>>> print(open('structure13.txt').read())   # compact mmCIF, N, CA and C atoms
# COMPACT_ATOMS: atom_id res chain seq x y z
N MET E 15 27.80 -17.24 -26.84
CA MET E 15 26.87 -16.13 -26.89
C MET E 15 27.16 -15.21 -25.70
N GLU E 16 27.14 -13.91 -25.93
CA GLU E 16 27.40 -12.94 -24.88
C GLU E 16 26.27 -12.96 -23.87
N PRO E 17 26.58 -12.71 -22.59
CA PRO E 17 25.53 -12.70 -21.57
C PRO E 17 24.42 -11.69 -21.86
N ASP E 18 24.78 -10.51 -22.38
CA ASP E 18 23.76 -9.50 -22.67
C ASP E 18 22.82 -9.97 -23.77
N SER E 19 23.39 -10.62 -24.79
CA SER E 19 22.58 -11.14 -25.89
C SER E 19 21.68 -12.28 -25.39
N LYS E 20 22.24 -13.15 -24.59
CA LYS E 20 21.48 -14.27 -24.04
C LYS E 20 20.35 -13.74 -23.16
N LEU E 21 20.66 -12.73 -22.36
CA LEU E 21 19.67 -12.13 -21.48
C LEU E 21 18.53 -11.50 -22.29
N GLU E 22 18.90 -10.81 -23.36
CA GLU E 22 17.89 -10.20 -24.23
C GLU E 22 17.00 -11.26 -24.86
N ASP E 23 17.61 -12.35 -25.33
CA ASP E 23 16.84 -13.45 -25.93
C ASP E 23 15.87 -14.06 -24.93
N LEU E 24 16.35 -14.29 -23.70
CA LEU E 24 15.50 -14.88 -22.67
C LEU E 24 14.34 -13.95 -22.30
N ARG E 25 14.62 -12.68 -22.24
CA ARG E 25 13.55 -11.72 -21.94
C ARG E 25 12.51 -11.71 -23.05
N SER E 26 12.96 -11.86 -24.29
CA SER E 26 12.05 -11.93 -25.42
C SER E 26 11.17 -13.18 -25.32
N VAL E 27 11.78 -14.29 -24.99
CA VAL E 27 11.03 -15.54 -24.82
C VAL E 27 10.00 -15.38 -23.71
N LEU E 28 10.42 -14.79 -22.60
CA LEU E 28 9.52 -14.60 -21.46
C LEU E 28 8.34 -13.71 -21.86
N SER E 29 8.61 -12.69 -22.63
CA SER E 29 7.55 -11.80 -23.11
C SER E 29 6.54 -12.56 -23.97
N CYS E 30 7.05 -13.42 -24.84
CA CYS E 30 6.17 -14.24 -25.69
C CYS E 30 5.32 -15.18 -24.85
N VAL E 31 5.93 -15.77 -23.84
CA VAL E 31 5.19 -16.68 -22.97
C VAL E 31 4.06 -15.93 -22.27
N PHE E 32 4.35 -14.73 -21.78
CA PHE E 32 3.31 -13.95 -21.11
C PHE E 32 2.19 -13.56 -22.07
N GLU E 33 2.55 -13.27 -23.32
CA GLU E 33 1.51 -12.97 -24.31
C GLU E 33 0.61 -14.18 -24.51
N LYS E 34 1.21 -15.36 -24.64
CA LYS E 34 0.43 -16.58 -24.83
C LYS E 34 -0.44 -16.87 -23.61
N LEU E 35 0.08 -16.56 -22.42
CA LEU E 35 -0.71 -16.78 -21.21
C LEU E 35 -1.96 -15.91 -21.19
N GLY E 36 -1.92 -14.78 -21.89
CA GLY E 36 -3.08 -13.89 -21.94
C GLY E 36 -4.15 -14.35 -22.91
N ALA E 37 -3.85 -15.35 -23.70
CA ALA E 37 -4.83 -15.84 -24.69
C ALA E 37 -5.99 -16.53 -23.97
N GLU E 38 -7.20 -16.18 -24.38
CA GLU E 38 -8.38 -16.75 -23.74
C GLU E 38 -8.63 -18.20 -24.15
N SER E 39 -8.08 -18.63 -25.27
CA SER E 39 -8.36 -19.97 -25.78
C SER E 39 -7.45 -21.05 -25.18
N LEU E 40 -6.61 -20.69 -24.23
CA LEU E 40 -5.71 -21.68 -23.64
C LEU E 40 -6.45 -22.68 -22.77
N THR E 41 -6.05 -23.92 -22.90
CA THR E 41 -6.58 -24.93 -21.98
C THR E 41 -5.76 -24.89 -20.70
N GLU E 42 -6.27 -25.46 -19.65
CA GLU E 42 -5.56 -25.44 -18.37
C GLU E 42 -4.21 -26.16 -18.46
N PRO E 43 -4.12 -27.32 -19.13
CA PRO E 43 -2.80 -27.96 -19.26
C PRO E 43 -1.79 -27.07 -20.00
N ASP E 44 -2.26 -26.38 -21.04
CA ASP E 44 -1.37 -25.47 -21.77
C ASP E 44 -0.91 -24.33 -20.88
N ARG E 45 -1.83 -23.81 -20.10
CA ARG E 45 -1.52 -22.71 -19.19
C ARG E 45 -0.47 -23.15 -18.16
N VAL E 46 -0.65 -24.33 -17.61
CA VAL E 46 0.31 -24.86 -16.62
C VAL E 46 1.69 -25.02 -17.26
N GLU E 47 1.72 -25.54 -18.48
CA GLU E 47 3.00 -25.72 -19.18
C GLU E 47 3.68 -24.38 -19.43
N LEU E 48 2.91 -23.38 -19.84
CA LEU E 48 3.48 -22.05 -20.09
C LEU E 48 4.01 -21.41 -18.80
N VAL E 49 3.29 -21.58 -17.72
CA VAL E 49 3.76 -21.05 -16.43
C VAL E 49 5.08 -21.73 -16.03
N THR E 50 5.15 -23.02 -16.25
CA THR E 50 6.38 -23.76 -15.95
C THR E 50 7.54 -23.24 -16.82
N ARG E 51 7.27 -23.03 -18.09
CA ARG E 51 8.30 -22.48 -18.99
C ARG E 51 8.73 -21.09 -18.53
N ALA E 52 7.77 -20.27 -18.14
CA ALA E 52 8.09 -18.91 -17.68
C ALA E 52 8.98 -18.96 -16.45
N GLU E 53 8.72 -19.89 -15.54
CA GLU E 53 9.54 -20.02 -14.35
C GLU E 53 10.98 -20.43 -14.70
N VAL E 54 11.11 -21.36 -15.64
CA VAL E 54 12.44 -21.81 -16.07
C VAL E 54 13.21 -20.66 -16.72
N VAL E 55 12.54 -19.93 -17.59
CA VAL E 55 13.20 -18.80 -18.27
C VAL E 55 13.59 -17.74 -17.24
N GLN E 56 12.69 -17.46 -16.29
CA GLN E 56 13.00 -16.46 -15.27
C GLN E 56 14.19 -16.90 -14.43
N ASP E 57 14.27 -18.18 -14.11
CA ASP E 57 15.42 -18.71 -13.36
C ASP E 57 16.72 -18.51 -14.15
N GLN E 58 16.66 -18.72 -15.46
CA GLN E 58 17.85 -18.52 -16.30
C GLN E 58 18.25 -17.05 -16.33
N ILE E 59 17.27 -16.17 -16.41
CA ILE E 59 17.55 -14.73 -16.38
C ILE E 59 18.20 -14.35 -15.06
N ASP E 60 17.64 -14.84 -13.96
CA ASP E 60 18.19 -14.54 -12.63
C ASP E 60 19.62 -15.04 -12.51
N ALA E 61 19.88 -16.24 -13.04
CA ALA E 61 21.23 -16.81 -12.96
C ALA E 61 22.24 -15.94 -13.71
N ILE E 62 21.85 -15.48 -14.90
CA ILE E 62 22.75 -14.62 -15.68
C ILE E 62 22.99 -13.30 -14.95
N GLN E 63 21.94 -12.74 -14.39
CA GLN E 63 22.09 -11.48 -13.67
C GLN E 63 22.94 -11.66 -12.41
N ASP E 64 22.78 -12.80 -11.74
CA ASP E 64 23.59 -13.07 -10.54
C ASP E 64 25.06 -13.16 -10.90
N VAL E 65 25.37 -13.83 -12.01
CA VAL E 65 26.75 -13.94 -12.46
C VAL E 65 27.31 -12.55 -12.76
N GLY E 66 26.52 -11.73 -13.41
CA GLY E 66 26.95 -10.36 -13.72
C GLY E 66 27.22 -9.57 -12.46
N CYS E 67 26.37 -9.70 -11.46
CA CYS E 67 26.56 -9.00 -10.19
C CYS E 67 27.80 -9.53 -9.48
N ASP E 68 28.01 -10.83 -9.52
CA ASP E 68 29.18 -11.42 -8.88
C ASP E 68 30.46 -10.92 -9.53
N GLU E 69 30.47 -10.82 -10.86
CA GLU E 69 31.66 -10.35 -11.57
C GLU E 69 31.94 -8.89 -11.21
N GLU E 70 30.90 -8.07 -11.09
CA GLU E 70 31.09 -6.68 -10.71
C GLU E 70 31.65 -6.59 -9.29
N HIS E 71 31.12 -7.44 -8.41
CA HIS E 71 31.57 -7.45 -7.02
C HIS E 71 33.04 -7.87 -6.93
N VAL E 72 33.42 -8.87 -7.70
CA VAL E 72 34.81 -9.33 -7.71
C VAL E 72 35.70 -8.21 -8.23
N HIS E 73 35.26 -7.53 -9.29
CA HIS E 73 36.05 -6.43 -9.83
C HIS E 73 36.22 -5.33 -8.79
N MET E 74 35.18 -5.03 -8.06
CA MET E 74 35.27 -3.99 -7.04
C MET E 74 36.22 -4.42 -5.92
N ARG E 75 36.19 -5.70 -5.55
CA ARG E 75 37.05 -6.19 -4.47
C ARG E 75 38.51 -6.22 -4.89
N THR E 76 38.78 -6.45 -6.16
CA THR E 76 40.17 -6.58 -6.59
C THR E 76 40.79 -5.23 -6.95
N THR E 77 39.99 -4.17 -6.96
CA THR E 77 40.53 -2.85 -7.22
C THR E 77 41.38 -2.44 -6.03
N GLN E 78 42.57 -1.96 -6.32
CA GLN E 78 43.47 -1.61 -5.23
C GLN E 78 42.99 -0.37 -4.51
N VAL E 79 43.16 -0.41 -3.21
CA VAL E 79 42.83 0.74 -2.38
C VAL E 79 44.07 1.62 -2.35
N PRO E 80 43.91 2.93 -2.55
CA PRO E 80 45.08 3.79 -2.54
C PRO E 80 45.77 3.78 -1.17
N GLU E 81 47.08 3.89 -1.23
CA GLU E 81 47.85 3.94 0.00
C GLU E 81 47.53 5.23 0.75
N PRO E 82 47.40 5.14 2.08
CA PRO E 82 47.14 6.36 2.84
C PRO E 82 48.34 7.30 2.77
N SER E 83 48.05 8.57 2.71
CA SER E 83 49.15 9.53 2.63
C SER E 83 49.66 9.82 4.03
N ASP E 84 50.84 10.41 4.08
CA ASP E 84 51.43 10.74 5.38
C ASP E 84 50.85 12.03 5.93
N ASP E 85 50.07 12.73 5.13
CA ASP E 85 49.45 13.98 5.58
C ASP E 85 48.18 13.66 6.34
N ARG E 86 48.30 13.41 7.60
CA ARG E 86 47.13 13.08 8.40
C ARG E 86 46.61 14.33 9.10
N LEU E 87 45.29 14.37 9.17
CA LEU E 87 44.68 15.51 9.83
C LEU E 87 44.73 15.36 11.35
N PHE E 88 44.73 14.18 11.83
CA PHE E 88 44.70 13.96 13.29
C PHE E 88 45.89 13.17 13.74
>>> encode(input="structure13.txt", output="structure tokens")
Amino acid sequence: MEPDSKLEDLRSVLSCVFEKLGAESLTEPDRVELVTRAEVVQDQIDAIQDVGCDEEHVHMRTTQVPEPSDDRLF
């Protein structure tokens, strides 16, 4: 599964969890379980985003720097 698709799915799950947390009929054990699930999903989202940032950083580092020209101003 592509990272963008996985990220979108996780965000959808997180949105559903937050909707359920807003329900007035939740018992405290259910609420605690949903908060735990939300934390796990958020950690997964963060991990995917961190990998994406790391890949961008690696790409930026591996881009060649142009050679300086002999036309120096000073």
>>> atom_distance(input="structure13.txt", atom1="CA of Pro17 (chain E)", atom2="CA of Ile62 (chain E)")
6.8 Å
>>> residues_around(input="structure13.txt", residues="Val55 (chain E)", least_positions_apart="4", cutoff="7 Å", atoms="all atoms listed in the file", output="ChimeraX atom specification")
/E:24,28,50-51,59-60
>>> write_last_selection(input="structure13.txt", atoms="N, CA and C atoms", output="PDB file, keeping the file's coordinate frame")
ATOM      1  N   LEU E  24      16.350 -14.290 -23.700  1.00  0.00           N
ATOM      2  CA  LEU E  24      15.500 -14.880 -22.670  1.00  0.00           C
ATOM      3  C   LEU E  24      14.340 -13.950 -22.300  1.00  0.00           C
ATOM      4  N   LEU E  28      10.420 -14.790 -22.600  1.00  0.00           N
ATOM      5  CA  LEU E  28       9.520 -14.600 -21.460  1.00  0.00           C
ATOM      6  C   LEU E  28       8.340 -13.710 -21.860  1.00  0.00           C
ATOM      7  N   THR E  50       5.150 -23.020 -16.250  1.00  0.00           N
ATOM      8  CA  THR E  50       6.380 -23.760 -15.950  1.00  0.00           C
ATOM      9  C   THR E  50       7.540 -23.240 -16.820  1.00  0.00           C
ATOM     10  N   ARG E  51       7.270 -23.030 -18.090  1.00  0.00           N
ATOM     11  CA  ARG E  51       8.300 -22.480 -18.990  1.00  0.00           C
ATOM     12  C   ARG E  51       8.730 -21.090 -18.530  1.00  0.00           C
ATOM     13  N   ILE E  59      17.270 -16.170 -16.410  1.00  0.00           N
ATOM     14  CA  ILE E  59      17.550 -14.730 -16.380  1.00  0.00           C
ATOM     15  C   ILE E  59      18.200 -14.350 -15.060  1.00  0.00           C
ATOM     16  N   ASP E  60      17.640 -14.840 -13.960  1.00  0.00           N
ATOM     17  CA  ASP E  60      18.190 -14.540 -12.630  1.00  0.00           C
ATOM     18  C   ASP E  60      19.620 -15.040 -12.510  1.00  0.00           C
TER      19      ASP E  60
END
>>> atom_distance(input="structure13.txt", atom1="CA of Glu47 (chain E)", atom2="CA of Ser26 (chain E)")
17.6 Å
>>> atom_distance(input="structure13.txt", atom1="CA of Thr41 (chain E)", atom2="CA of Gln56 (chain E)")
22.4 Å
